[in-house]
Protein chains: 2
Amino acid sequence: MLRRDFIKNSAFTSAGFAILPSGTLYADNRKVKIGVIGTGLRGQDHVELMLKRDDVEIVAICDVDEGMLTMAKKLFSDAKKPLPKIFTGSNYAYEDLVKMPGIEAIIIATPWEWHTPMCIAGLEAGKYVGTEVVLGITMEDHWNVVNTCEHYKGHLMMLENVCYRRDVIAVLNMVRQGIFGELIHLQGGYQHDLRGVKFNDGKTPYSSGVEFGDKGYSEAKWRTNHSVKRNGELYPTHGIGPVANYININRGNRFLNLCYFATKSKGLHEYIVKKGGADHPNAKVEFRLGDMVTTSISTANGETILLQHDTSLPRPYSLGFRVQGTKGLWMDVNDSLYIEDVSKPHQWENAKA
Amino acid sequence: MLRRDFIKNSAFTSAGFAILPSGTLYADNRKVKIGVIGTGLRGQDHVELMLKRDDVEIVAICDVDEGMLTMAKKLFSDAKKPLPKIFTGSNYAYEDLVKMPGIEAIIIATPWEWHTPMCIAGLEAGKYVGTEVVLGITMEDHWNVVNTCEHYKGHLMMLENVCYRRDVIAVLNMVRQGIFGELIHLQGGYQHDLRGVKFNDGKTPYSSGVEFGDKGYSEAKWRTNHSVKRNGELYPTHGIGPVANYININRGNRFLNLCYFATKSKGLHEYIVKKGGADHPNAKVEFRLGDMVTTSISTANGETILLQHDTSLPRPYSLGFRVQGTKGLWMDVNDSLYIEDVSKPHQWENAKA
C-alpha cells in the first residue's frame with residue numbers, strides 16, 4: 001500500500017503503458033515481445049501493468065539486484081504468466097538482453113546514468129526503445145542518443161508520463177484551440193519533497209532512515225548521489241515535457257538560451273540531522289545540489305520558460321505549471337501555506353506513522 | 001468610486017501614510033509641514049489622507065497640470081482646510097517648492113523619470129523626502145540618490161506600500177520567528193493587468209480607450225511610454241521590497257548577480273486592435289517591453305530570488321509572493337484558470353460596464 005500510495009500521490013503513474021490503446025496492438029492477436037532492463041520498484045510497476053495485457057509478452061528481464069529480481073519474478077507467478085529469461089550477474093548483462101532473438105522492444109527503468117548506454121545498445125540492436133526519464137547526464141549523452149537514433153533510423157521514446165496527465169492534456173487541447181491566445185510564458189518544474197526517497201534504512205524504501213548510497217535501498221542507493229555530486233536542474237522533463245508540447249519545440253520552435261541559479265544546499269543536511277542526529281556519519285556529507293534551482297529558457301518564437309527544481313525541502317507536491325498567453329492563463333499551483341510539523345504530514349510520513 | 005475601487009483592489013493603498021501612528025506625531029501637538037510634488041490621481045490620494053490628520057499640514061503643492069491642480073485644491077476646500085501655496089507653470093517649479101521656508105518634508109508622486117531629480121533637490125534643500133516608487137530609471141540615478149542622501153546625511157524613504165500589506169508583515173513576523181527555518185528561495189513580482197491603465201480616452205483614467213502619451217490621461221500620459229521605449233523589469237519594488245526585508249538585504253546580506261529574460265511583446269498591441277480597431281494609429285506602435293519579464297537574482301547568503309513583471313496580458317492581480325525555507329513555504333498565488341472574456345471581468349472593465 002505504501003508504494004502504491006506514493007506512486008499515486010506522486011503522479012508517478014506509468015503513462016507509457018497506461019496510454020496504450022485498450023484493444024490489442026496487432027490485428028492478428030500477435031503479442032509484442034518486450035524485454036525490461038531494470039526491475040527495481042519502478043520497473044516492477046511497468047512489469048505489473050504489462051502482465052495485465054494479453055497483447056504484450058515480457059520475454060526477458062534484467063537486473064543486478066537479487067532481491068529486486070526475486071520480487072519481479074513473483075509478479076509473473078502471481079499473474080500466472082511464464083517466467084521470462086533472466087539476465088543478471090553484471091552491470092553489462094543488458095548487452096545480452098538487447099541482442100536476444102525475438103525481442104522487439106525494450107523498456108529501461110534503471111538509474112539515470114545507465115539510460116544513455118542502454119538506449120544506444122537497444123537502438124544498435126534494432127529494438128524499439130522506451131526509457132524512463134532522463135535521457136542522459138551530459139549534453140554529449142543526449143546527442144549520442146539522438147545521433148544513434150538517426151543513424152539506425154530507430155524508434156525511441158522517453159516515457160515522460162506527465163505529458164499524459166489528464167489536466168496537462170486538457171490544457172494542450174485548449175492551447176491548440178487558441179483559448180489562451182498566442183502563448184507568451186510557460187512554467188513547470190519538479191517540486192517534490194524527495195527527502196523520504198533520497199534516504200531510508202537500507203531495507204524499506206521511504207522515510208525509514210537517513211542512509212543512502214551503498215547503505216541505501218531502492219532509489220536512495222543511486223539517486224541521492226546525484227545530489228551529492230551535481231548541482232543544477234537534475235530532473236527537468238516533468239516540467240519541460242508538457243511545456244515543449246504546448247509551444248511546439250522541435251516542431252517549428254526551439255530552445256535558444258538558458259540561465260540557471262542555484263541556492264545554497266541546506267535541506268538534505270537538516271533532514272539527516274533531524275532524523276538521524278548530528279552524530280550520524282551522513283551529517284558530514286556535503287551536498288552540492290542547491291535546494292532550489294531556477295532555470296530560465298528563451299525560445300526562437302519569443303516565449304520564455306521557467307523551470308524550478310525543488311526536491312530537498314518540506315513542501316506539498318506541485319509541478320507548478322503555468323501556461324500564459326494573450327488571452328488567458330492556467331496556473332497549477334500548491335496550497336498557500338505549508339509548515340513542516342504543522343501542516344498535514346506528507347504522504348509517506350503519514351504512511352510510516 | 002471607480003478610482004477608489006481601483007486603488008483598493010490593486011493593493012495600491014497609501015501605506016506611507018496609513019501606517020503613521022494614530023496618535024499625533026509630536027508631543028507638543030506641533031504640525032508637520034509638508035509639501036507635495038505631484039498632485040495627479042496618486043498624489044491626490046496622499047493629499048486626501050493627510051488632510052484627515054491634525055498633526056500634518058500641507059503647506060504647498062506642485063503640479064504642471066491645471067486640471068489635476070484644480071481637483072487637488074477642491075480636496076482642501078472639501079476638508080475645510082486652508083489652501084496651500086501652489087507651485088506650477090514649469091517642470092522645474094518643484095525646485096522652488098523644496099526651498100520654501102518652513103517646509104519640513106516633501107512627498108513625491110510624479111512620473112517615474114522625475115523621482116531622481118526631485119529626491120535630490122529635496123535632500124539638497126535639507127528636507128525629509130518620501131517618494132513614490134521607483135527611485136530612478138538608471139543605475140546611475142539610484143547611486144546619485146544614495147550618494148546625495150549620504151552626503152547630506154539626509155532622510156529618504158521610498159514609499160513601497162506592499163512592504164506594509166497585512167499578510168506581508170505577518171509573514172515577516174513568521175520569518176523572524178524562524179517558522180520557515182533558514183530561508184532558501186523567494187519570489188515576488190508585479191503581475192497586474194495594466195492595459196486599462198496604460199490606455200484610456202484622454203479624459204477618464206481607466207479602460208476608456210486606446211490613447212496614451214500626449215493624447216492620454218493620468219498614467220497613460222507618461223507610464224505607457226516606458227512600455228514603448230524600454231524592455232526589462234520596469235517596476236521591481238512591489239516584489240523586491242518585502243523580499244529584501246525577509247532576507248535582510250543591506251543588513252548583512254546583499255544582491256550578487258542578476259539575469260533576466262523577456263518575452264516577445266504582444267499584449268498591448270492586441271489590446272489596441274481589439275478595443276480600437278486595426279486601423280487605429282496606435283495599432284502601429286511597436287512596444288519594446290516584453291509581456292513577461294523574468295528576473296533571477298542571487299544573494300551573498302545563498303538565497304535566490306525570482307521576480308516576474310507581467311502587466312500587458314489579461315490576468316488576475318497577484319504579486320506572486322513565495323517565501324521558502326528549510327521548514328516551510330508561503331505562496332501568494334492567483335486562481336488556477338483565467339480566460340479573458342470568460343472569467344470574471346477585471347475590476348475596471350466591471351466598473352466601466
# chains A, B, ... in the order shown; residues from 1 in each chain; ligands from 1
$ closest_atom_pairs --of "chain A" --to "chain B" --cutoff "8 Å" --atoms "only C-alpha atoms" --output "CSV"
residue,atom,partner,partner_atom,distance
A:Ile179,CA,B:Ile339,CA,7.4
A:Phe180,CA,B:Ile339,CA,6.9
A:Ile184,CA,B:Thr263,CA,6.5
A:His185,CA,B:Met292,CA,6.7
A:Cys259,CA,B:Cys259,CA,7.4
A:Phe261,CA,B:Thr304,CA,7.0
A:Ala262,CA,B:Thr304,CA,7.0
A:Thr263,CA,B:Glu303,CA,5.1
A:Lys264,CA,B:Gly302,CA,4.9
A:Lys266,CA,B:Thr326,CA,7.0
A:Gly267,CA,B:Thr326,CA,5.6
A:Glu270,CA,B:Thr326,CA,7.7
A:Asp291,CA,B:Ile184,CA,7.2
A:Met292,CA,B:His185,CA,6.7
A:Thr294,CA,B:Ser296,CA,7.7
A:Ser296,CA,B:Phe261,CA,7.1
A:Ile297,CA,B:Phe261,CA,7.7
A:Ser298,CA,B:Phe261,CA,7.0
A:Gly302,CA,B:Lys264,CA,4.9
A:Glu303,CA,B:Thr263,CA,5.1
A:Thr304,CA,B:Thr263,CA,5.7
A:Leu313,CA,B:Thr326,CA,5.7
A:Pro314,CA,B:Gly328,CA,6.0
A:Arg315,CA,B:Gly328,CA,6.6
A:Gly325,CA,B:Leu313,CA,7.4
A:Thr326,CA,B:Gly267,CA,5.6
A:Lys327,CA,B:Glu340,CA,5.4
A:Gly328,CA,B:Ile339,CA,4.1
A:Leu329,CA,B:Tyr338,CA,5.1
A:Trp330,CA,B:Leu337,CA,4.6
A:Met331,CA,B:Ser336,CA,4.4
A:Asp332,CA,B:Ser336,CA,6.0
A:Val333,CA,B:Ser336,CA,7.3
A:Asn334,CA,B:Met331,CA,7.8
A:Asp335,CA,B:Met331,CA,7.0
A:Ser336,CA,B:Met331,CA,4.4
A:Leu337,CA,B:Trp330,CA,4.6
A:Tyr338,CA,B:Leu329,CA,5.1
A:Ile339,CA,B:Gly328,CA,4.2
A:Glu340,CA,B:Lys327,CA,5.4
$ select_by_dssp --residues "segment 122-288 of chain A" --states "strand (DSSP E)" --output "JSON, numbers by chain"
{"A": [128, 129, 130, 131, 156, 157, 158, 183, 184, 185, 186, 187, 188, 189, 190, 191, 255, 256, 257, 258, 259, 260, 261, 262]}
$ residues_around --residues "segment 234-237 of chain B" --least-positions-apart "2" --cutoff "8 Å" --atoms "only C-alpha atoms" --output "PDB file with all heavy atoms, in the first residue's frame"
ATOM      1  N   VAL B 133       7.527  54.899  -5.535  1.00  0.00           N
ATOM      2  CA  VAL B 133       8.441  54.049  -6.288  1.00  0.00           C
ATOM      3  C   VAL B 133       8.283  54.400  -7.758  1.00  0.00           C
ATOM      4  O   VAL B 133       7.205  54.845  -8.166  1.00  0.00           O
ATOM      5  CB  VAL B 133       8.112  52.565  -6.051  1.00  0.00           C
ATOM      6  CG1 VAL B 133       8.216  52.270  -4.568  1.00  0.00           C
ATOM      7  CG2 VAL B 133       6.765  52.156  -6.597  1.00  0.00           C
ATOM      8  N   VAL B 134       9.324  54.234  -8.590  1.00  0.00           N
ATOM      9  CA  VAL B 134      10.662  53.742  -8.329  1.00  0.00           C
ATOM     10  C   VAL B 134      11.575  54.918  -7.975  1.00  0.00           C
ATOM     11  O   VAL B 134      11.177  56.080  -8.131  1.00  0.00           O
ATOM     12  CB  VAL B 134      11.206  53.034  -9.578  1.00  0.00           C
ATOM     13  CG1 VAL B 134      10.406  51.753  -9.881  1.00  0.00           C
ATOM     14  CG2 VAL B 134      11.101  53.943 -10.823  1.00  0.00           C
ATOM     15  N   GLU B 160       7.339  52.173  -0.517  1.00  0.00           N
ATOM     16  CA  GLU B 160       6.888  50.903  -1.090  1.00  0.00           C
ATOM     17  C   GLU B 160       5.799  50.317  -0.206  1.00  0.00           C
ATOM     18  O   GLU B 160       6.065  49.615   0.772  1.00  0.00           O
ATOM     19  CB  GLU B 160       8.060  49.946  -1.248  1.00  0.00           C
ATOM     20  CG  GLU B 160       7.677  48.597  -1.810  1.00  0.00           C
ATOM     21  CD  GLU B 160       6.631  48.665  -2.898  1.00  0.00           C
ATOM     22  OE1 GLU B 160       6.968  49.122  -3.993  1.00  0.00           O
ATOM     23  OE2 GLU B 160       5.451  48.297  -2.666  1.00  0.00           O
ATOM     24  N   GLY B 189       6.761  39.898  -7.409  1.00  0.00           N
ATOM     25  CA  GLY B 189       6.655  40.439  -8.745  1.00  0.00           C
ATOM     26  C   GLY B 189       5.576  41.486  -8.844  1.00  0.00           C
ATOM     27  O   GLY B 189       5.041  41.967  -7.845  1.00  0.00           O
ATOM     28  N   TYR B 190       5.323  41.841 -10.063  1.00  0.00           N
ATOM     29  CA  TYR B 190       4.254  42.776 -10.348  1.00  0.00           C
ATOM     30  C   TYR B 190       3.465  42.157 -11.477  1.00  0.00           C
ATOM     31  O   TYR B 190       3.830  42.289 -12.647  1.00  0.00           O
ATOM     32  CB  TYR B 190       4.832  44.139 -10.731  1.00  0.00           C
ATOM     33  CG  TYR B 190       3.782  45.230 -10.786  1.00  0.00           C
ATOM     34  CD1 TYR B 190       2.889  45.411  -9.741  1.00  0.00           C
ATOM     35  CD2 TYR B 190       3.699  46.075 -11.882  1.00  0.00           C
ATOM     36  CE1 TYR B 190       1.919  46.406  -9.795  1.00  0.00           C
ATOM     37  CE2 TYR B 190       2.744  47.074 -11.938  1.00  0.00           C
ATOM     38  CZ  TYR B 190       1.854  47.226 -10.888  1.00  0.00           C
ATOM     39  OH  TYR B 190       0.899  48.206 -10.944  1.00  0.00           O
ATOM     40  N   HIS B 226       6.988  54.190 -21.190  1.00  0.00           N
ATOM     41  CA  HIS B 226       8.028  53.280 -20.700  1.00  0.00           C
ATOM     42  C   HIS B 226       7.888  51.907 -21.355  1.00  0.00           C
ATOM     43  O   HIS B 226       8.884  51.215 -21.555  1.00  0.00           O
ATOM     44  CB  HIS B 226       7.969  53.165 -19.172  1.00  0.00           C
ATOM     45  CG  HIS B 226       8.443  54.404 -18.465  1.00  0.00           C
ATOM     46  ND1 HIS B 226       9.779  54.652 -18.219  1.00  0.00           N
ATOM     47  CD2 HIS B 226       7.777  55.469 -17.974  1.00  0.00           C
ATOM     48  CE1 HIS B 226       9.902  55.815 -17.588  1.00  0.00           C
ATOM     49  NE2 HIS B 226       8.702  56.336 -17.432  1.00  0.00           N
ATOM     50  N   ARG B 230      11.241  50.942 -23.356  1.00  0.00           N
ATOM     51  CA  ARG B 230      12.130  50.155 -22.506  1.00  0.00           C
ATOM     52  C   ARG B 230      11.685  48.690 -22.429  1.00  0.00           C
ATOM     53  O   ARG B 230      10.504  48.384 -22.500  1.00  0.00           O
ATOM     54  CB  ARG B 230      12.153  50.738 -21.083  1.00  0.00           C
ATOM     55  CG  ARG B 230      12.635  52.175 -21.033  1.00  0.00           C
ATOM     56  CD  ARG B 230      12.369  52.799 -19.672  1.00  0.00           C
ATOM     57  NE  ARG B 230      13.096  52.129 -18.618  1.00  0.00           N
ATOM     58  CZ  ARG B 230      12.742  52.137 -17.336  1.00  0.00           C
ATOM     59  NH1 ARG B 230      11.660  52.797 -16.956  1.00  0.00           N
ATOM     60  NH2 ARG B 230      13.450  51.507 -16.430  1.00  0.00           N
ATOM     61  N   ASN B 231      12.652  47.806 -22.256  1.00  0.00           N
ATOM     62  CA  ASN B 231      12.360  46.398 -22.058  1.00  0.00           C
ATOM     63  C   ASN B 231      13.151  45.925 -20.851  1.00  0.00           C
ATOM     64  O   ASN B 231      14.370  46.039 -20.819  1.00  0.00           O
ATOM     65  CB  ASN B 231      12.742  45.584 -23.301  1.00  0.00           C
ATOM     66  CG  ASN B 231      12.250  44.150 -23.214  1.00  0.00           C
ATOM     67  OD1 ASN B 231      11.464  43.805 -22.331  1.00  0.00           O
ATOM     68  ND2 ASN B 231      12.705  43.326 -24.143  1.00  0.00           N
ATOM     69  N   GLY B 232      12.478  45.410 -19.852  1.00  0.00           N
ATOM     70  CA  GLY B 232      13.160  44.932 -18.654  1.00  0.00           C
ATOM     71  C   GLY B 232      12.208  44.916 -17.476  1.00  0.00           C
ATOM     72  O   GLY B 232      10.999  45.059 -17.640  1.00  0.00           O
ATOM     73  N   GLY B 239       7.652  43.672  -5.487  1.00  0.00           N
ATOM     74  CA  GLY B 239       8.139  42.328  -5.165  1.00  0.00           C
ATOM     75  C   GLY B 239       9.400  42.340  -4.328  1.00  0.00           C
ATOM     76  O   GLY B 239       9.500  41.664  -3.310  1.00  0.00           O
ATOM     77  N   ILE B 240      10.376  43.131  -4.742  1.00  0.00           N
ATOM     78  CA  ILE B 240      11.686  43.053  -4.095  1.00  0.00           C
ATOM     79  C   ILE B 240      11.688  43.730  -2.727  1.00  0.00           C
ATOM     80  O   ILE B 240      12.528  43.399  -1.875  1.00  0.00           O
ATOM     81  CB  ILE B 240      12.774  43.652  -5.029  1.00  0.00           C
ATOM     82  CG1 ILE B 240      14.147  43.055  -4.705  1.00  0.00           C
ATOM     83  CG2 ILE B 240      12.820  45.168  -4.950  1.00  0.00           C
ATOM     84  CD1 ILE B 240      14.329  41.642  -5.111  1.00  0.00           C
ATOM     85  N   GLY B 241      10.757  44.651  -2.500  1.00  0.00           N
ATOM     86  CA  GLY B 241      10.708  45.334  -1.197  1.00  0.00           C
ATOM     87  C   GLY B 241      10.495  44.351  -0.049  1.00  0.00           C
ATOM     88  O   GLY B 241      11.347  44.209   0.842  1.00  0.00           O
ATOM     89  N   LEU B 307      11.808  37.371  -9.728  1.00  0.00           N
ATOM     90  CA  LEU B 307      10.863  38.476  -9.916  1.00  0.00           C
ATOM     91  C   LEU B 307      10.156  38.301 -11.251  1.00  0.00           C
ATOM     92  O   LEU B 307      10.784  37.949 -12.245  1.00  0.00           O
ATOM     93  CB  LEU B 307      11.588  39.823  -9.942  1.00  0.00           C
ATOM     94  CG  LEU B 307      12.174  40.366  -8.642  1.00  0.00           C
ATOM     95  CD1 LEU B 307      12.740  41.759  -8.900  1.00  0.00           C
ATOM     96  CD2 LEU B 307      11.122  40.419  -7.549  1.00  0.00           C
ATOM     97  N   HIS B 309       7.548  40.356 -13.935  1.00  0.00           N
ATOM     98  CA  HIS B 309       6.879  41.588 -14.331  1.00  0.00           C
ATOM     99  C   HIS B 309       5.926  41.259 -15.475  1.00  0.00           C
ATOM    100  O   HIS B 309       6.358  40.831 -16.549  1.00  0.00           O
ATOM    101  CB  HIS B 309       7.915  42.626 -14.770  1.00  0.00           C
ATOM    102  CG  HIS B 309       7.322  43.974 -15.091  1.00  0.00           C
ATOM    103  ND1 HIS B 309       6.874  44.300 -16.348  1.00  0.00           N
ATOM    104  CD2 HIS B 309       7.099  45.069 -14.322  1.00  0.00           C
ATOM    105  CE1 HIS B 309       6.412  45.546 -16.335  1.00  0.00           C
ATOM    106  NE2 HIS B 309       6.540  46.036 -15.128  1.00  0.00           N
TER     107      HIS B 309
END
$ residues_around --residues "Asn144 of chain A" --least-positions-apart "4" --cutoff "12 Å" --atoms "only C-alpha atoms" --output "PDB file with N, CA, C and O atoms, in the first residue's frame"
ATOM      1  N   HIS A 115      20.863   5.194 -18.524  1.00  0.00           N
ATOM      2  CA  HIS A 115      19.894   5.316 -19.612  1.00  0.00           C
ATOM      3  C   HIS A 115      20.581   5.452 -20.970  1.00  0.00           C
ATOM      4  O   HIS A 115      20.178   4.811 -21.941  1.00  0.00           O
ATOM      5  N   THR A 116      21.591   6.315 -21.047  1.00  0.00           N
ATOM      6  CA  THR A 116      22.241   6.553 -22.339  1.00  0.00           C
ATOM      7  C   THR A 116      22.849   5.277 -22.929  1.00  0.00           C
ATOM      8  O   THR A 116      22.505   4.901 -24.067  1.00  0.00           O
ATOM      9  N   PRO A 117      23.735   4.581 -22.209  1.00  0.00           N
ATOM     10  CA  PRO A 117      24.313   3.373 -22.840  1.00  0.00           C
ATOM     11  C   PRO A 117      23.256   2.319 -23.158  1.00  0.00           C
ATOM     12  O   PRO A 117      23.381   1.614 -24.177  1.00  0.00           O
ATOM     13  N   MET A 118      22.233   2.213 -22.342  1.00  0.00           N
ATOM     14  CA  MET A 118      21.199   1.194 -22.592  1.00  0.00           C
ATOM     15  C   MET A 118      20.336   1.565 -23.799  1.00  0.00           C
ATOM     16  O   MET A 118      19.977   0.703 -24.601  1.00  0.00           O
ATOM     17  N   CYS A 119      20.010   2.869 -23.922  1.00  0.00           N
ATOM     18  CA  CYS A 119      19.269   3.321 -25.111  1.00  0.00           C
ATOM     19  C   CYS A 119      20.071   3.013 -26.372  1.00  0.00           C
ATOM     20  O   CYS A 119      19.538   2.494 -27.363  1.00  0.00           O
ATOM     21  N   ILE A 120      21.337   3.361 -26.320  1.00  0.00           N
ATOM     22  CA  ILE A 120      22.182   3.180 -27.505  1.00  0.00           C
ATOM     23  C   ILE A 120      22.311   1.699 -27.842  1.00  0.00           C
ATOM     24  O   ILE A 120      22.196   1.299 -29.017  1.00  0.00           O
ATOM     25  N   ALA A 121      22.477   0.856 -26.809  1.00  0.00           N
ATOM     26  CA  ALA A 121      22.573  -0.589 -27.056  1.00  0.00           C
ATOM     27  C   ALA A 121      21.285  -1.103 -27.695  1.00  0.00           C
ATOM     28  O   ALA A 121      21.322  -1.908 -28.638  1.00  0.00           O
ATOM     29  N   LEU A 123      19.095   0.595 -29.500  1.00  0.00           N
ATOM     30  CA  LEU A 123      18.987   1.101 -30.874  1.00  0.00           C
ATOM     31  C   LEU A 123      19.927   0.336 -31.802  1.00  0.00           C
ATOM     32  O   LEU A 123      19.551  -0.025 -32.923  1.00  0.00           O
ATOM     33  N   GLU A 124      21.134   0.099 -31.326  1.00  0.00           N
ATOM     34  CA  GLU A 124      22.109  -0.624 -32.155  1.00  0.00           C
ATOM     35  C   GLU A 124      21.630  -2.034 -32.455  1.00  0.00           C
ATOM     36  O   GLU A 124      21.933  -2.599 -33.507  1.00  0.00           O
ATOM     37  N   LEU A 135      17.198  11.223 -20.275  1.00  0.00           N
ATOM     38  CA  LEU A 135      17.831  10.519 -21.388  1.00  0.00           C
ATOM     39  C   LEU A 135      19.342  10.383 -21.175  1.00  0.00           C
ATOM     40  O   LEU A 135      19.979   9.513 -21.794  1.00  0.00           O
ATOM     41  N   GLY A 136      19.912  11.233 -20.345  1.00  0.00           N
ATOM     42  CA  GLY A 136      21.352  11.162 -20.104  1.00  0.00           C
ATOM     43  C   GLY A 136      21.750  12.187 -19.068  1.00  0.00           C
ATOM     44  O   GLY A 136      20.911  12.924 -18.544  1.00  0.00           O
ATOM     45  N   ILE A 137      23.045  12.234 -18.780  1.00  0.00           N
ATOM     46  CA  ILE A 137      23.538  13.153 -17.751  1.00  0.00           C
ATOM     47  C   ILE A 137      24.166  14.393 -18.400  1.00  0.00           C
ATOM     48  O   ILE A 137      23.944  15.515 -17.971  1.00  0.00           O
ATOM     49  N   THR A 138      24.928  14.187 -19.458  1.00  0.00           N
ATOM     50  CA  THR A 138      25.643  15.293 -20.101  1.00  0.00           C
ATOM     51  C   THR A 138      24.978  15.657 -21.425  1.00  0.00           C
ATOM     52  O   THR A 138      24.152  14.912 -21.958  1.00  0.00           O
ATOM     53  N   MET A 139      25.366  16.812 -21.964  1.00  0.00           N
ATOM     54  CA  MET A 139      24.924  17.188 -23.312  1.00  0.00           C
ATOM     55  C   MET A 139      25.368  16.123 -24.309  1.00  0.00           C
ATOM     56  O   MET A 139      24.611  15.729 -25.201  1.00  0.00           O
ATOM     57  N   GLU A 140      26.604  15.634 -24.144  1.00  0.00           N
ATOM     58  CA  GLU A 140      27.144  14.623 -25.054  1.00  0.00           C
ATOM     59  C   GLU A 140      26.274  13.363 -25.033  1.00  0.00           C
ATOM     60  O   GLU A 140      25.979  12.779 -26.082  1.00  0.00           O
ATOM     61  N   THR A 148      22.575   8.329 -32.590  1.00  0.00           N
ATOM     62  CA  THR A 148      22.423   6.878 -32.780  1.00  0.00           C
ATOM     63  C   THR A 148      21.042   6.577 -33.350  1.00  0.00           C
ATOM     64  O   THR A 148      20.881   5.776 -34.278  1.00  0.00           O
ATOM     65  N   CYS A 149      20.038   7.237 -32.793  1.00  0.00           N
ATOM     66  CA  CYS A 149      18.663   7.039 -33.247  1.00  0.00           C
ATOM     67  C   CYS A 149      18.545   7.364 -34.733  1.00  0.00           C
ATOM     68  O   CYS A 149      17.939   6.607 -35.503  1.00  0.00           O
ATOM     69  N   GLU A 150      19.145   8.479 -35.133  1.00  0.00           N
ATOM     70  CA  GLU A 150      19.032   8.888 -36.536  1.00  0.00           C
ATOM     71  C   GLU A 150      19.849   7.954 -37.434  1.00  0.00           C
ATOM     72  O   GLU A 150      19.411   7.605 -38.540  1.00  0.00           O
ATOM     73  N   HIS A 151      20.999   7.542 -36.955  1.00  0.00           N
ATOM     74  CA  HIS A 151      21.856   6.666 -37.758  1.00  0.00           C
ATOM     75  C   HIS A 151      21.172   5.341 -38.059  1.00  0.00           C
ATOM     76  O   HIS A 151      21.212   4.831 -39.181  1.00  0.00           O
TER      77      HIS A 151
END
$ atom_distance --atom1 "atom CA of Cys62 of chain A" --atom2 "atom CA of Ala79 of chain A"
18.8 Å
$ closest_residue --among "B:Val273, B:Ile103, B:Ile108, B:Met68" --to "Lys203 of chain B" --atoms "only C-alpha atoms"
B:Met68
$ select_by_dssp --residues "segment 51-274 of chain B" --states "alpha helix (DSSP H)" --output "ChimeraX atom specification"
/B:51,66-78,94-99,115-124,139-151,166-176,195-198,219-229,237-246,267-274
$ residues_around --residues "Pro281 of chain B" --least-positions-apart "5" --cutoff "10 Å" --atoms "only C-alpha atoms" --output "ChimeraX atom specification"
/B:210-211,272-273,276
$ write_last_selection --atoms "C-alpha atoms" --output "mmCIF file, in the first residue's frame"
data_model
loop_
_atom_site.group_PDB
_atom_site.id
_atom_site.type_symbol
_atom_site.label_atom_id
_atom_site.label_comp_id
_atom_site.auth_asym_id
_atom_site.auth_seq_id
_atom_site.Cartn_x
_atom_site.Cartn_y
_atom_site.Cartn_z
ATOM 1 C CA VAL B 210 -6.616 53.168 -26.550
ATOM 2 C CA GLU B 211 -4.880 56.554 -26.322
ATOM 3 C CA ILE B 272 -5.288 48.274 -29.043
ATOM 4 C CA VAL B 273 -6.519 46.278 -32.020
ATOM 5 C CA GLY B 276 -9.626 50.481 -31.009
#
$ atom_distance --atom1 "atom CA of Gly40 of chain B" --atom2 "atom CA of Glu57 of chain B"
18.9 Å
$ atom_distance --atom1 "atom CA of Asn29 of chain B" --atom2 "atom CA of Asp54 of chain B"
8.6 Å
